[in-house]
Each structure stands twice: as structure tokens, then as C-alpha cells.
$ cat work.cif   # mmCIF, C-alpha atoms and all ligand atoms
data_start
loop_
_atom_site.label_atom_id
_atom_site.label_comp_id
_atom_site.auth_asym_id
_atom_site.auth_seq_id
_atom_site.Cartn_x
_atom_site.Cartn_y
_atom_site.Cartn_z
CA MET A 1 -27.72 -31.40 -59.52
CA LEU A 2 -26.95 -32.70 -56.05
CA SER A 3 -29.73 -33.11 -53.58
CA PRO A 4 -29.96 -30.98 -50.40
CA SER A 5 -29.42 -34.18 -48.41
CA SER A 6 -25.97 -34.44 -50.03
CA SER A 7 -24.94 -31.02 -48.69
CA GLU A 8 -26.44 -31.92 -45.31
CA ALA A 9 -24.19 -34.98 -45.33
CA VAL A 10 -21.16 -32.74 -45.95
CA ILE A 11 -22.14 -30.46 -43.07
CA ARG A 12 -22.74 -33.41 -40.74
CA ARG A 13 -19.42 -35.06 -41.64
CA LEU A 14 -17.56 -31.76 -41.37
CA TYR A 15 -19.06 -31.23 -37.94
CA GLN A 16 -17.92 -34.70 -36.83
CA ILE A 17 -14.39 -34.13 -38.10
CA THR A 18 -14.01 -30.67 -36.65
CA GLN A 19 -15.28 -31.79 -33.23
CA ASP A 20 -12.62 -34.48 -33.13
CA TYR A 21 -10.00 -32.16 -31.59
CA GLU A 22 -8.46 -34.82 -29.42
CA ARG A 23 -7.15 -36.75 -32.41
CA GLY A 24 -5.11 -33.75 -33.53
CA PHE A 25 -4.92 -31.45 -36.52
CA GLU A 26 -3.16 -33.97 -38.78
CA HIS A 27 -5.97 -36.51 -38.32
CA GLN A 28 -8.66 -33.87 -38.77
CA ILE A 29 -7.18 -32.38 -41.91
CA THR A 30 -6.59 -35.83 -43.44
CA GLU A 31 -10.22 -36.78 -42.75
CA LEU A 32 -11.38 -33.48 -44.20
CA ILE A 33 -9.35 -34.08 -47.38
CA ARG A 34 -10.78 -37.63 -47.58
CA MET A 35 -14.28 -36.23 -47.21
CA GLY A 36 -13.60 -33.78 -50.05
CA LEU A 37 -12.31 -36.58 -52.28
CA THR A 38 -15.47 -38.62 -51.65
CA ARG A 39 -17.68 -35.57 -52.06
CA PHE A 40 -16.11 -34.47 -55.37
CA LYS A 41 -15.32 -38.00 -56.60
CA LEU A 42 -11.69 -37.01 -57.24
CA ASP A 43 -8.54 -38.84 -56.14
CA ILE A 44 -5.83 -36.30 -55.20
CA GLY A 45 -6.45 -33.95 -52.27
CA ILE A 46 -3.90 -31.39 -51.01
CA LEU A 47 -3.60 -28.61 -48.48
CA SER A 48 -0.66 -26.55 -49.73
CA HIS A 49 1.41 -23.83 -48.16
CA VAL A 50 3.02 -21.13 -50.27
CA VAL A 51 5.91 -18.93 -49.17
CA GLY A 52 7.25 -16.68 -51.91
CA GLU A 53 7.90 -18.91 -54.92
CA LEU A 54 7.96 -22.11 -52.88
CA TYR A 55 4.95 -24.42 -52.85
CA THR A 56 4.98 -27.04 -50.08
CA VAL A 57 2.57 -29.93 -49.61
CA ASP A 58 1.30 -29.45 -46.04
CA TYR A 59 -1.04 -32.47 -46.07
CA CYS A 60 -2.20 -34.74 -48.88
CA VAL A 61 -4.21 -37.84 -49.69
CA VAL A 62 -3.27 -39.54 -52.97
CA PRO A 63 -4.10 -42.87 -54.63
CA ASP A 64 -1.59 -45.75 -54.78
CA GLY A 65 0.99 -45.22 -57.46
CA ILE A 66 1.18 -41.42 -57.07
CA GLU A 67 4.42 -40.30 -55.48
CA LEU A 68 3.39 -37.29 -53.42
CA LYS A 69 3.88 -36.73 -49.73
CA LYS A 70 3.78 -34.15 -46.98
CA GLY A 71 6.76 -31.79 -47.26
CA ASP A 72 7.25 -32.18 -51.03
CA GLU A 73 8.20 -28.87 -52.61
CA PHE A 74 7.53 -27.38 -56.04
CA ASP A 75 8.03 -24.15 -57.91
CA PHE A 76 4.84 -22.20 -57.11
CA LYS A 77 4.50 -20.89 -60.68
CA SER A 78 4.18 -24.39 -62.07
CA THR A 79 1.36 -25.48 -59.74
CA TYR A 80 -2.41 -25.32 -59.99
CA CYS A 81 -2.20 -23.35 -56.75
CA ALA A 82 -0.84 -20.42 -58.80
CA ILE A 83 -4.06 -20.45 -60.86
CA THR A 84 -6.23 -20.47 -57.72
CA CYS A 85 -4.23 -17.78 -55.93
CA LYS A 86 -4.35 -15.56 -59.01
CA ALA A 87 -8.14 -16.02 -59.20
CA LYS A 88 -8.35 -14.95 -55.50
CA GLY A 89 -11.32 -17.31 -55.08
CA PRO A 90 -12.57 -20.80 -55.86
CA VAL A 91 -11.56 -22.33 -59.18
CA ALA A 92 -13.28 -25.33 -60.76
CA ILE A 93 -12.09 -26.83 -64.04
CA GLU A 94 -13.60 -29.96 -65.54
CA ASN A 95 -11.22 -30.57 -68.41
CA MET A 96 -8.00 -28.60 -68.25
CA GLY A 97 -6.61 -29.81 -71.62
CA GLN A 98 -9.75 -28.66 -73.41
CA ASP A 99 -9.80 -25.29 -71.67
CA ASP A 100 -8.26 -22.46 -73.71
CA ARG A 101 -7.28 -20.60 -70.54
CA TYR A 102 -5.29 -23.44 -68.97
CA ALA A 103 -4.19 -25.93 -71.63
CA SER A 104 -0.85 -24.15 -72.01
CA HIS A 105 -0.40 -23.31 -68.29
CA PRO A 106 2.91 -24.65 -66.86
CA ALA A 107 0.89 -26.52 -64.19
CA TYR A 108 -0.98 -28.52 -66.83
CA GLN A 109 2.25 -29.06 -68.78
CA ALA A 110 3.99 -30.33 -65.65
CA PHE A 111 1.28 -32.44 -64.00
CA GLY A 112 -1.36 -33.10 -66.67
CA LEU A 113 -4.25 -33.07 -64.20
CA GLU A 114 -7.55 -32.67 -66.07
CA SER A 115 -10.12 -31.99 -63.36
CA TYR A 116 -9.47 -29.60 -60.50
CA ILE A 117 -11.36 -27.74 -57.81
CA GLY A 118 -9.42 -25.51 -55.41
CA ILE A 119 -9.74 -22.50 -53.14
CA PRO A 120 -7.21 -20.11 -51.55
CA ILE A 121 -6.72 -20.41 -47.79
CA ARG A 122 -6.16 -17.09 -46.03
CA PHE A 123 -4.28 -16.68 -42.80
CA ASP A 124 -3.03 -13.56 -41.02
CA GLY A 125 -4.31 -11.33 -43.84
CA GLN A 126 -2.34 -13.22 -46.50
CA VAL A 127 -2.74 -16.23 -48.75
CA TYR A 128 -1.49 -19.28 -46.82
CA GLY A 129 -1.91 -21.77 -49.68
CA THR A 130 -4.79 -23.69 -51.20
CA LEU A 131 -7.11 -26.56 -50.47
CA ASN A 132 -7.51 -28.45 -53.72
CA PHE A 133 -8.84 -31.68 -55.17
CA SER A 134 -7.92 -33.02 -58.58
CA SER A 135 -7.61 -36.00 -60.89
CA ALA A 136 -5.81 -36.96 -64.08
CA ILE A 137 -9.20 -37.94 -65.51
CA PRO A 138 -11.55 -35.28 -66.98
CA TYR A 139 -14.64 -34.60 -64.87
CA THR A 140 -17.74 -36.42 -66.02
CA ARG A 141 -20.15 -33.71 -64.83
CA GLN A 142 -20.03 -29.94 -64.31
CA PHE A 143 -18.95 -28.57 -60.93
CA GLU A 144 -22.02 -26.96 -59.30
CA GLU A 145 -22.48 -24.05 -56.92
CA ILE A 146 -23.11 -26.54 -54.14
CA ASP A 147 -19.60 -27.99 -54.76
CA ILE A 148 -18.13 -24.54 -54.30
CA ASP A 149 -20.22 -24.11 -51.11
CA ALA A 150 -18.81 -27.36 -49.72
CA LEU A 151 -15.27 -26.30 -50.63
CA GLN A 152 -15.75 -22.91 -48.96
CA LEU A 153 -17.05 -24.56 -45.82
CA MET A 154 -13.94 -26.76 -45.60
CA ALA A 155 -11.66 -23.79 -46.30
CA SER A 156 -13.37 -21.72 -43.59
CA TRP A 157 -12.77 -24.43 -41.02
CA ILE A 158 -9.08 -24.68 -42.01
CA GLU A 159 -8.70 -20.90 -41.72
CA VAL A 160 -10.29 -20.84 -38.27
CA GLU A 161 -8.17 -23.81 -37.21
CA LEU A 162 -4.93 -22.16 -38.42
CA ILE A 163 -5.76 -19.10 -36.32
CA ARG A 164 -6.69 -21.27 -33.33
CA ARG A 165 -3.43 -23.22 -33.63
CA LYS A 166 -1.39 -20.03 -33.84
CA GLN A 167 -3.12 -18.67 -30.72
CA GLU A 168 -2.53 -21.98 -28.97
CA GLN A 169 1.17 -21.82 -29.85
CA GLN A 170 1.40 -18.21 -28.64
CA LEU A 171 -0.31 -19.21 -25.40
CA GLU A 172 2.06 -22.15 -24.97
CA ALA A 173 5.08 -19.88 -25.58
CA LEU A 174 3.68 -17.40 -23.05
CA ASN A 175 3.18 -20.18 -20.50
CA GLN A 176 6.76 -21.34 -21.02
CA LYS A 177 7.95 -17.76 -20.52
CA LEU A 178 5.92 -17.39 -17.34
CA LYS A 179 7.22 -20.71 -16.05
CA PHE A 180 10.76 -19.58 -16.81
CA GLN A 181 10.21 -16.26 -15.05
CA ALA A 182 8.80 -18.06 -12.01
CA TYR A 183 11.73 -20.44 -11.62
CA TYR A 184 14.68 -18.64 -13.23
CA ASP A 185 16.60 -15.50 -12.44
CA SER A 186 16.21 -12.99 -15.26
CA LEU A 187 19.68 -11.47 -14.81
CA THR A 188 21.79 -14.63 -14.81
CA ASN A 189 19.41 -17.11 -16.49
CA ILE A 190 20.10 -19.72 -13.83
CA PRO A 191 17.38 -21.01 -11.44
CA ASN A 192 16.23 -18.64 -8.70
CA ARG A 193 15.34 -19.43 -5.08
CA ARG A 194 11.95 -20.89 -6.06
CA GLY A 195 13.57 -23.03 -8.76
CA MET A 196 16.18 -24.19 -6.25
CA PHE A 197 13.49 -25.19 -3.75
CA LYS A 198 11.64 -27.26 -6.36
CA HIS A 199 14.85 -28.93 -7.53
CA MET A 200 16.12 -29.61 -4.02
CA MET A 201 12.86 -31.23 -2.90
CA LYS A 202 13.35 -33.83 -5.62
CA GLU A 203 17.08 -34.18 -4.96
CA LEU A 204 16.75 -34.60 -1.19
CA ASN A 205 13.96 -37.14 -1.52
CA ARG A 206 16.12 -39.04 -3.99
CA ALA A 207 19.14 -38.91 -1.64
CA SER A 208 16.93 -40.20 1.18
CA ARG A 209 15.50 -43.01 -0.97
CA ASN A 210 18.96 -44.07 -2.19
CA GLN A 211 20.56 -43.53 1.22
CA SER A 212 23.24 -41.45 -0.51
CA GLN A 213 25.17 -38.34 0.44
CA GLY A 214 25.68 -34.86 -1.01
CA SER A 215 27.21 -31.45 -0.35
CA LEU A 216 25.56 -28.06 -0.28
CA SER A 217 27.63 -24.88 -0.72
CA LEU A 218 26.83 -21.18 -0.52
CA VAL A 219 29.04 -18.99 -2.70
CA ASP A 220 29.07 -15.27 -1.89
CA ILE A 221 31.03 -12.64 -3.82
CA ASP A 222 33.42 -10.69 -1.59
CA PHE A 223 33.01 -6.93 -1.22
CA PHE A 224 30.40 -6.83 -3.95
CA LYS A 225 28.97 -3.58 -2.64
CA ARG A 226 32.36 -2.02 -3.44
CA VAL A 227 32.08 -3.30 -7.04
CA ASN A 228 28.75 -1.52 -7.42
CA ASP A 229 29.98 1.61 -5.68
CA THR A 230 33.23 1.82 -7.66
CA TYR A 231 32.18 0.71 -11.15
CA GLY A 232 28.41 1.17 -11.17
CA HIS A 233 25.40 -1.11 -10.88
CA SER A 234 25.50 -2.19 -14.50
CA VAL A 235 29.09 -3.45 -14.18
CA GLY A 236 27.90 -5.18 -10.98
CA ASP A 237 25.20 -6.89 -13.02
CA GLN A 238 27.73 -8.03 -15.61
CA VAL A 239 29.95 -9.43 -12.86
CA LEU A 240 26.98 -11.38 -11.45
CA GLN A 241 26.29 -12.79 -14.91
CA GLN A 242 29.92 -13.81 -15.36
CA VAL A 243 30.09 -15.41 -11.94
CA ALA A 244 26.91 -17.42 -12.66
CA GLN A 245 28.34 -18.55 -15.99
CA THR A 246 31.74 -19.37 -14.51
CA ILE A 247 30.20 -21.48 -11.75
CA SER A 248 27.90 -23.26 -14.24
CA GLU A 249 30.86 -24.12 -16.46
CA ALA A 250 32.95 -25.39 -13.55
CA LEU A 251 30.27 -27.78 -12.31
CA ARG A 252 29.98 -31.45 -13.19
CA GLU A 253 26.98 -32.76 -15.13
CA TYR A 254 24.71 -33.53 -12.16
CA ASP A 255 25.76 -30.62 -9.95
CA TYR A 256 23.36 -27.72 -9.60
CA VAL A 257 23.57 -23.95 -9.15
CA ALA A 258 20.89 -21.34 -8.39
CA ARG A 259 21.03 -17.66 -7.50
CA LEU A 260 19.71 -17.40 -3.98
CA GLY A 261 19.51 -13.61 -4.17
CA GLY A 262 21.87 -10.61 -4.36
CA GLU A 263 25.44 -11.85 -4.82
CA GLU A 264 24.82 -15.25 -3.25
CA PHE A 265 24.63 -18.57 -5.08
CA VAL A 266 23.67 -22.00 -3.79
CA LEU A 267 25.29 -25.15 -5.13
CA TRP A 268 24.20 -28.75 -4.69
CA PHE A 269 26.56 -31.65 -5.35
CA PRO A 270 24.69 -34.96 -5.35
CA ASP A 271 26.50 -38.21 -4.44
CA THR A 272 29.54 -36.21 -3.37
CA ASN A 273 31.83 -36.62 -0.37
CA GLU A 274 33.66 -33.85 1.46
CA ALA A 275 36.92 -34.28 -0.46
CA ASP A 276 35.20 -34.03 -3.84
CA ASN A 277 33.21 -30.99 -2.69
CA LEU A 278 36.44 -29.28 -1.64
CA GLU A 279 38.01 -30.00 -5.00
CA VAL A 280 35.12 -28.57 -7.05
CA CYS A 281 34.78 -25.50 -4.80
CA ARG A 282 38.51 -24.78 -5.12
CA ARG A 283 38.17 -25.05 -8.89
CA ILE A 284 35.26 -22.58 -8.80
CA MET A 285 37.24 -20.11 -6.64
CA ALA A 286 40.17 -20.28 -9.05
CA SER A 287 37.91 -19.80 -12.11
CA ILE A 288 36.21 -16.78 -10.56
CA LYS A 289 39.61 -15.18 -9.87
CA ARG A 290 40.30 -15.44 -13.60
CA ILE A 291 37.24 -13.31 -14.53
CA GLU A 292 38.72 -10.24 -16.19
CA ARG A 293 35.84 -7.77 -15.95
CA LEU A 294 37.46 -5.72 -13.13
CA PRO A 295 41.03 -4.35 -12.74
CA GLU A 296 41.45 -6.44 -9.57
CA PRO A 297 40.71 -10.17 -9.22
CA LEU A 298 37.25 -11.06 -7.94
CA THR A 299 37.10 -13.40 -4.97
CA VAL A 300 34.33 -15.38 -3.31
CA SER A 301 33.79 -16.96 0.07
CA ILE A 302 32.21 -20.40 0.32
CA GLY A 303 30.39 -22.15 3.15
CA SER A 304 29.76 -25.87 2.67
CA CYS A 305 28.05 -28.62 4.61
CA GLN A 306 27.44 -32.30 4.16
CA LEU A 307 24.28 -34.42 4.01
CA ASP A 308 24.65 -38.10 4.74
CA CYS A 309 21.54 -40.24 4.33
CA LYS A 310 23.35 -43.53 4.84
CA ASN A 311 21.46 -45.63 7.39
CA CYS A 312 18.94 -42.87 8.09
CA ASN A 313 15.17 -43.02 8.03
CA LYS A 314 13.14 -41.12 5.47
CA ILE A 315 13.88 -37.40 5.80
CA ASP A 316 11.57 -34.40 5.57
CA ALA A 317 12.97 -32.68 2.48
CA ALA A 318 11.85 -29.13 3.38
CA ASP A 319 13.26 -29.38 6.93
CA THR A 320 16.46 -30.93 5.65
CA LEU A 321 16.92 -28.15 3.09
CA ALA A 322 16.37 -25.47 5.75
CA ASP A 323 18.90 -27.24 7.97
CA LEU A 324 21.50 -27.51 5.19
CA LEU A 325 21.08 -23.85 4.23
CA GLU A 326 21.47 -22.80 7.84
CA LYS A 327 24.64 -24.85 8.28
CA ALA A 328 26.16 -23.63 5.01
CA ASP A 329 25.28 -20.07 6.02
CA LYS A 330 27.11 -20.47 9.35
CA ALA A 331 30.14 -21.80 7.49
CA LEU A 332 29.93 -18.89 5.03
CA TYR A 333 29.73 -16.42 7.92
CA GLN A 334 32.88 -17.99 9.32
CA ALA A 335 34.65 -17.73 5.94
CA LYS A 336 33.80 -14.02 5.80
CA ALA A 337 34.88 -13.51 9.40
CA ASP A 338 38.19 -15.31 8.77
CA GLY A 339 39.06 -12.77 6.07
CA ARG A 340 37.08 -13.87 2.97
CA ASN A 341 38.45 -15.55 -0.19
CA ARG A 342 38.26 -18.95 1.51
CA LEU A 343 36.17 -22.06 1.92
CA VAL A 344 34.90 -23.21 5.30
CA ARG A 345 33.08 -26.46 5.91
CA TYR A 346 30.43 -26.45 8.62
CA GLU A 347 31.77 -29.72 9.96
CA ASP A 348 35.19 -28.07 10.54
CA ILE A 349 33.96 -25.11 12.60
CA ILE A 350 35.46 -25.43 16.11
CA ASP A 351 32.18 -24.65 17.95
CA VAL A 352 30.39 -27.31 15.93
CA LYS A 353 33.05 -29.85 16.81
CA LYS A 354 32.73 -28.97 20.49
CA GLU A 355 28.95 -29.38 20.30
CA GLY A 356 29.41 -32.68 18.44
N1 LIG A 401 24.54 -4.89 -9.47
C1 LIG A 401 23.77 -5.58 -8.66
N2 LIG A 401 23.97 -5.51 -7.32
C2 LIG A 401 23.20 -6.22 -6.50
C3 LIG A 401 22.18 -7.06 -6.97
N3 LIG A 401 21.58 -7.65 -5.90
C4 LIG A 401 22.22 -7.20 -4.80
N4 LIG A 401 23.21 -6.34 -5.15
C5 LIG A 401 24.11 -5.59 -4.30
O1 LIG A 401 25.02 -6.48 -3.68
C6 LIG A 401 25.60 -5.79 -2.57
C7 LIG A 401 25.80 -6.77 -1.44
O2 LIG A 401 26.48 -6.10 -0.44
P1 LIG A 401 26.80 -6.70 0.97
O3 LIG A 401 25.69 -7.60 1.40
O4 LIG A 401 27.17 -5.59 1.86
O5 LIG A 401 28.01 -7.66 0.72
P2 LIG A 401 29.47 -7.41 0.18
O6 LIG A 401 29.73 -6.00 -0.17
O7 LIG A 401 29.70 -8.40 -0.92
O8 LIG A 401 30.34 -7.78 1.41
P3 LIG A 401 30.72 -9.20 1.93
O9 LIG A 401 29.69 -10.17 1.44
O10 LIG A 401 30.70 -9.08 3.41
O11 LIG A 401 32.06 -9.51 1.40
C8 LIG A 401 24.66 -4.65 -2.22
O12 LIG A 401 25.27 -3.44 -2.55
C9 LIG A 401 23.45 -4.87 -3.14
O13 LIG A 401 22.86 -3.68 -3.59
C10 LIG A 401 21.98 -7.10 -8.39
O14 LIG A 401 21.12 -7.80 -8.90
N5 LIG A 401 22.78 -6.35 -9.17
#

$ encode --input "work.cif" --output "C-alpha cells" --more "lines below"
Ligand SMILES: Nc1nc2c(ncn2[C@@H]2O[C@H](COP(=O)(O)OP(=O)(O)OP(=O)(O)O)[C@@H](O)[C@H]2O)c(=O)[nH]1
Amino acid sequence: MLSPSSSEAVIRRLYQITQDYERGFEHQITELIRMGLTRFKLDIGILSHVVGELYTVDYCVVPDGIELKKGDEFDFKSTYCAITCKAKGPVAIENMGQDDRYASHPAYQAFGLESYIGIPIRFDGQVYGTLNFSSAIPYTRQFEEIDIDALQLMASWIEVELIRRKQEQQLEALNQKLKFQAYYDSLTNIPNRRGMFKHMMKELNRASRNQSQGSLSLVDIDFFKRVNDTYGHSVGDQVLQQVAQTISEALREYDYVARLGGEEFVLWFPDTNEADNLEVCRRIMASIKRIERLPEPLTVSIGSCQLDCKNCNKIDAADTLADLLEKADKALYQAKADGRNRLVRYEDIIDVKKEG
């Protein structure tokens, strides 16, 4: 019979291990298995996971010379786990080969383990797997109630931890979703205005630091109201999605596109001169004309402007962005006024030249 101080030691050690969140689940579970091995004086400890007929070793601690590792898979029916799951509760066997119930079990035939103590782990209303400890050597004493108590305590912590980890993963997924919704446009799946602002702050600071240049372009679908009015809002939505995709595909690796709102998109071309900006914008205009969603070709107007940070002092990114957007918007206005389906650069507008 084990003394009460021995069970107190289990509780104390379990408390230490379970408080050690910062070291991660893998560390905690390995320490818990080690504690079980010391507690039961056995040498193989496993947390298994069972899905259908597949038994997988989730975590294990084994002595030198035993080839067993995390991720190893077995046929569930031929494992000791099958015995424990069938029992629906703790199982303790001191000498499997001498036990009429188990001597001919496929698990004993396959692995030949003599002593075994295991318990089912439940998760989400189902059996997740088992926590088990075993050895090829018969047990020298009888398993006691206090052994089962210790095993149940360990299993309870694992069950709580599995739930906690699942909730943590759900929370993380929810956070990712919220982040996506905050910075991406749900219709086109490209960044929205807020996402653009965040990206551009980094980009403009980088351009300033590297004293480099770049082009900003506003792309606006022509007569989009007519698309909605003629073919319906849902076709309008599909056109917006196709335009976003077409622009994304036409861009180079470091170029950037966001939906500014409505049928307007903003494009940023880092380290790009005017000639290169013209070339990419022309490519985009041609690609958009090839969209086949409507009976007539779709056209866009583009207003572009240039940022040149060569030989300039550190810029204020927010002010610079506002300035670039305003210039591109003037150029876009001009493109619309000149008849649409064209690209105008702010630097080429006559009034601007006069002012300059
Ligand atoms: N289907 C759809 N339509 C939208 C969305 N956001 C804005 N719009 C529509 O886009 C249209 C924009 O119309 P206008 O600003 O008059 O521009 P336009 O008809 O493209 O004319 P120009 O830009 O001058 O060539 C409006 O009818 C808006 O209702 C959207 O998410 N989905």
C-alpha cells in the first residue's frame, strides 16, 4: 500500500507541471508521462489518439532500444488501447500472459507487454484515445486504488487541456477572421482602404529611407452604374470581383492593389519610374477589356502620379499618402473628363505644368 505522502507527491508534481503553461503542451504532456512512469515504476508511457480503426501515438516516452515515436500508427484492434476503450474506464493488468482474459488478445500477441495501466481520454463527447503506461516485465505488486486515482487525475488534466487548446485554436481562428475583415474587402478579398493605409505607411517610410521612387494609380471602372442598372447588382458584384482578380494577376510581385471603395481601386508600384508605370497600367487596361462577363468590353480610367524621394528629407507618410491620392484623383478626374478608357498622369496635366 502506498502512503498518503506518495499521492500528495503526485498532486504536487502534477500541479507544477500543469502550471508550466509557458513551456507548451508538448513539454507538459511529456513531463506528465514521465511522472506517471516514475509513479507506476513502468517504462513505456503513451498518450494515444484513435480515429476509426487508426491508432496514432500522440506523445510517448520510451526506454532506449524501443523504437516508438510520436506519429507512429497502428491498427487500433491490435493495441492495448482497444482493451481500455472497450472497458470504458481504467484498466490495470499486472501480468497479461497469465491473465485468461488477455493472453490471447491481438495486442498481447503483437506487443507482448506484460504489465499495463491505462485510461480512456474523452474529448468532445467521444473517446479521444488513451493515456497508458506499460512494460514488457510483469508487475511485481498489485495495482492499487490509489494508482487508479493518480491515473484519473492525469487523464482529467489532459481532458481539460484538450478542451482549452481547442478553445484557444477557435479563438485564434476568430481573431484571424476579425483581422481579415478589418483589413480586407469581403467582396473581392483584396485589402480595403484600412489595409491600404497600413501597407502604404510602411511602403512610404521605406521609400523615404531608401530615397527611392514609386507610382500610385487610381483605377476606376467606367460607367459602372450602367452595369448595375442594366444587368443587376449581383452581376455588378461579379464584375468587381473579376476586375480585382484581373488587376492582381497583372501586377508584378511587389506591386500592390486595394479596393478603395465602390468601383475604385488603388495601386502602388514601388521602385517604379513613369515609363514602367505606364506599361503596367496599359497591360491592366488591356486585361480588363478581355473580361467576358458582359456583352460589351469593360473599360477603366486610370489616374497616376509619381513619388520621388531621391535627395529628399524624411517624409511624413500620412501626409505624403494624402498628397499622392489627391494627385492621382485629379489625374483620374481628367481621364474621365477626356472621355474615359484612358490613362492620365498627374505630371502631364496642363494646369499642373503651368503651376510647375
Ligand atoms: N454591384 C456593386 N455596385 C457598387 C458597389 N459599390 C458601389 N457600387 C456602385 O457603383 C456605381 C458607381 O457609379 P458612379 O460613381 O456614378 O460611377 P460610374 O457609373 O462608373 O461612372 P464613371 O465613373 O463616371 O465612369 C454606383 O451605382 C454604386 O451603387 C458594390 O460593392 N457592388

$ closest_atom_pairs --input "work.cif" --of "chain A" --to "ligand LIG 401 (chain A)" --cutoff "8 Å" --atoms "only C-alpha atoms and all ligand atoms" --output "CSV"
residue,atom,partner,partner_atom,distance
A:Leu187,CA,A:LIG401,O14,7.1
A:Asp220,CA,A:LIG401,O9,6.1
A:Ile221,CA,A:LIG401,O7,5.3
A:Asp222,CA,A:LIG401,O11,3.5
A:Phe223,CA,A:LIG401,O6,3.6
A:Phe224,CA,A:LIG401,O7,3.5
A:Lys225,CA,A:LIG401,O6,3.5
A:Arg226,CA,A:LIG401,O6,5.8
A:Val227,CA,A:LIG401,O6,7.7
A:Asn228,CA,A:LIG401,N1,5.8
A:Asp229,CA,A:LIG401,O12,7.6
A:Gly232,CA,A:LIG401,N1,7.4
A:His233,CA,A:LIG401,N1,4.1
A:Ser234,CA,A:LIG401,N1,5.8
A:Val235,CA,A:LIG401,N1,6.7
A:Gly236,CA,A:LIG401,N1,3.7
A:Asp237,CA,A:LIG401,N1,4.1
A:Gln238,CA,A:LIG401,N1,7.6
A:Val239,CA,A:LIG401,N1,7.8
A:Leu240,CA,A:LIG401,N5,6.9
A:Gly261,CA,A:LIG401,N3,6.5
A:Gly262,CA,A:LIG401,N3,3.3
A:Glu263,CA,A:LIG401,O1,5.5
A:Val300,CA,A:LIG401,O11,7.9
A:Ser301,CA,A:LIG401,O11,7.8
A:Lys336,CA,A:LIG401,O10,6.3
A:Arg340,CA,A:LIG401,O11,6.8

$ residues_near_point --input "work.cif" --point "(33.5, -26.7, 11.3)" --cutoff "10 Å" --atoms "all atoms listed in the file" --output "JSON, numbers by chain"
{"A": [303, 304, 305, 327, 330, 331, 334, 344, 345, 346, 347, 348, 349, 350, 351, 352, 353, 354]}

$ residues_near_point --input "work.cif" --point "(23.6, -32.5, -12.6)" --cutoff "9 Å" --atoms "all atoms listed in the file" --output "PyMOL selection string"
chain A and resi 251-256+268-270

$ closest_residue --input "work.cif" --among "A:Ser287, A:Gln213, A:Gln181, A:Gln19" --to "A:Thr246" --atoms "all atoms listed in the file"
A:Ser287

$ atom_distance --input "work.cif" --atom1 "atom CA of A:Asp75" --atom2 "atom CA of A:Leu47"
15.6 Å

$ build_atoms --input "work.cif" --residues "stretch 319-339 of chain A" --atoms "N, CA and C atoms" --output "tab-separated table (two decimals), in the frame of the given file"
chain	number	residue	atom	x	y	z
A	319	ASP	N	12.49	-29.61	5.70
A	319	ASP	CA	13.26	-29.38	6.93
A	319	ASP	C	14.75	-29.58	6.68
A	320	THR	N	15.05	-30.63	5.92
A	320	THR	CA	16.46	-30.93	5.65
A	320	THR	C	17.11	-29.79	4.87
A	321	LEU	N	16.37	-29.25	3.88
A	321	LEU	CA	16.92	-28.15	3.09
A	321	LEU	C	17.18	-26.93	3.99
A	322	ALA	N	16.20	-26.62	4.85
A	322	ALA	CA	16.37	-25.47	5.75
A	322	ALA	C	17.60	-25.68	6.63
A	323	ASP	N	17.78	-26.92	7.10
A	323	ASP	CA	18.90	-27.24	7.97
A	323	ASP	C	20.24	-27.09	7.22
A	324	LEU	N	20.26	-27.60	5.98
A	324	LEU	CA	21.50	-27.51	5.19
A	324	LEU	C	21.85	-26.06	4.89
A	325	LEU	N	20.83	-25.27	4.55
A	325	LEU	CA	21.08	-23.85	4.23
A	325	LEU	C	21.60	-23.12	5.46
A	326	GLU	N	21.04	-23.46	6.61
A	326	GLU	CA	21.47	-22.80	7.84
A	326	GLU	C	22.93	-23.15	8.16
A	327	LYS	N	23.26	-24.43	7.99
A	327	LYS	CA	24.64	-24.85	8.28
A	327	LYS	C	25.63	-24.20	7.30
A	328	ALA	N	25.27	-24.22	6.02
A	328	ALA	CA	26.16	-23.63	5.01
A	328	ALA	C	26.32	-22.14	5.28
A	329	ASP	N	25.23	-21.50	5.75
A	329	ASP	CA	25.28	-20.07	6.02
A	329	ASP	C	26.22	-19.78	7.20
A	330	LYS	N	26.18	-20.65	8.21
A	330	LYS	CA	27.11	-20.47	9.35
A	330	LYS	C	28.55	-20.59	8.88
A	331	ALA	N	28.78	-21.59	8.01
A	331	ALA	CA	30.14	-21.80	7.49
A	331	ALA	C	30.56	-20.59	6.64
A	332	LEU	N	29.63	-20.07	5.88
A	332	LEU	CA	29.93	-18.89	5.03
A	332	LEU	C	30.27	-17.68	5.93
A	333	TYR	N	29.50	-17.52	6.98
A	333	TYR	CA	29.73	-16.42	7.92
A	333	TYR	C	31.16	-16.51	8.47
A	334	GLN	N	31.54	-17.76	8.78
A	334	GLN	CA	32.88	-17.99	9.32
A	334	GLN	C	33.96	-17.64	8.29
A	335	ALA	N	33.69	-18.02	7.03
A	335	ALA	CA	34.65	-17.73	5.94
A	335	ALA	C	34.83	-16.23	5.79
A	336	LYS	N	33.72	-15.49	5.90
A	336	LYS	CA	33.80	-14.02	5.80
A	336	LYS	C	34.58	-13.47	6.99
A	337	ALA	N	34.24	-14.01	8.18
A	337	ALA	CA	34.88	-13.51	9.40
A	337	ALA	C	36.38	-13.82	9.41
A	338	ASP	N	36.77	-14.93	8.79
A	338	ASP	CA	38.19	-15.31	8.77
A	338	ASP	C	38.99	-14.52	7.72
A	339	GLY	N	38.32	-13.62	7.01
A	339	GLY	CA	39.06	-12.77	6.07
A	339	GLY	C	38.62	-12.88	4.63
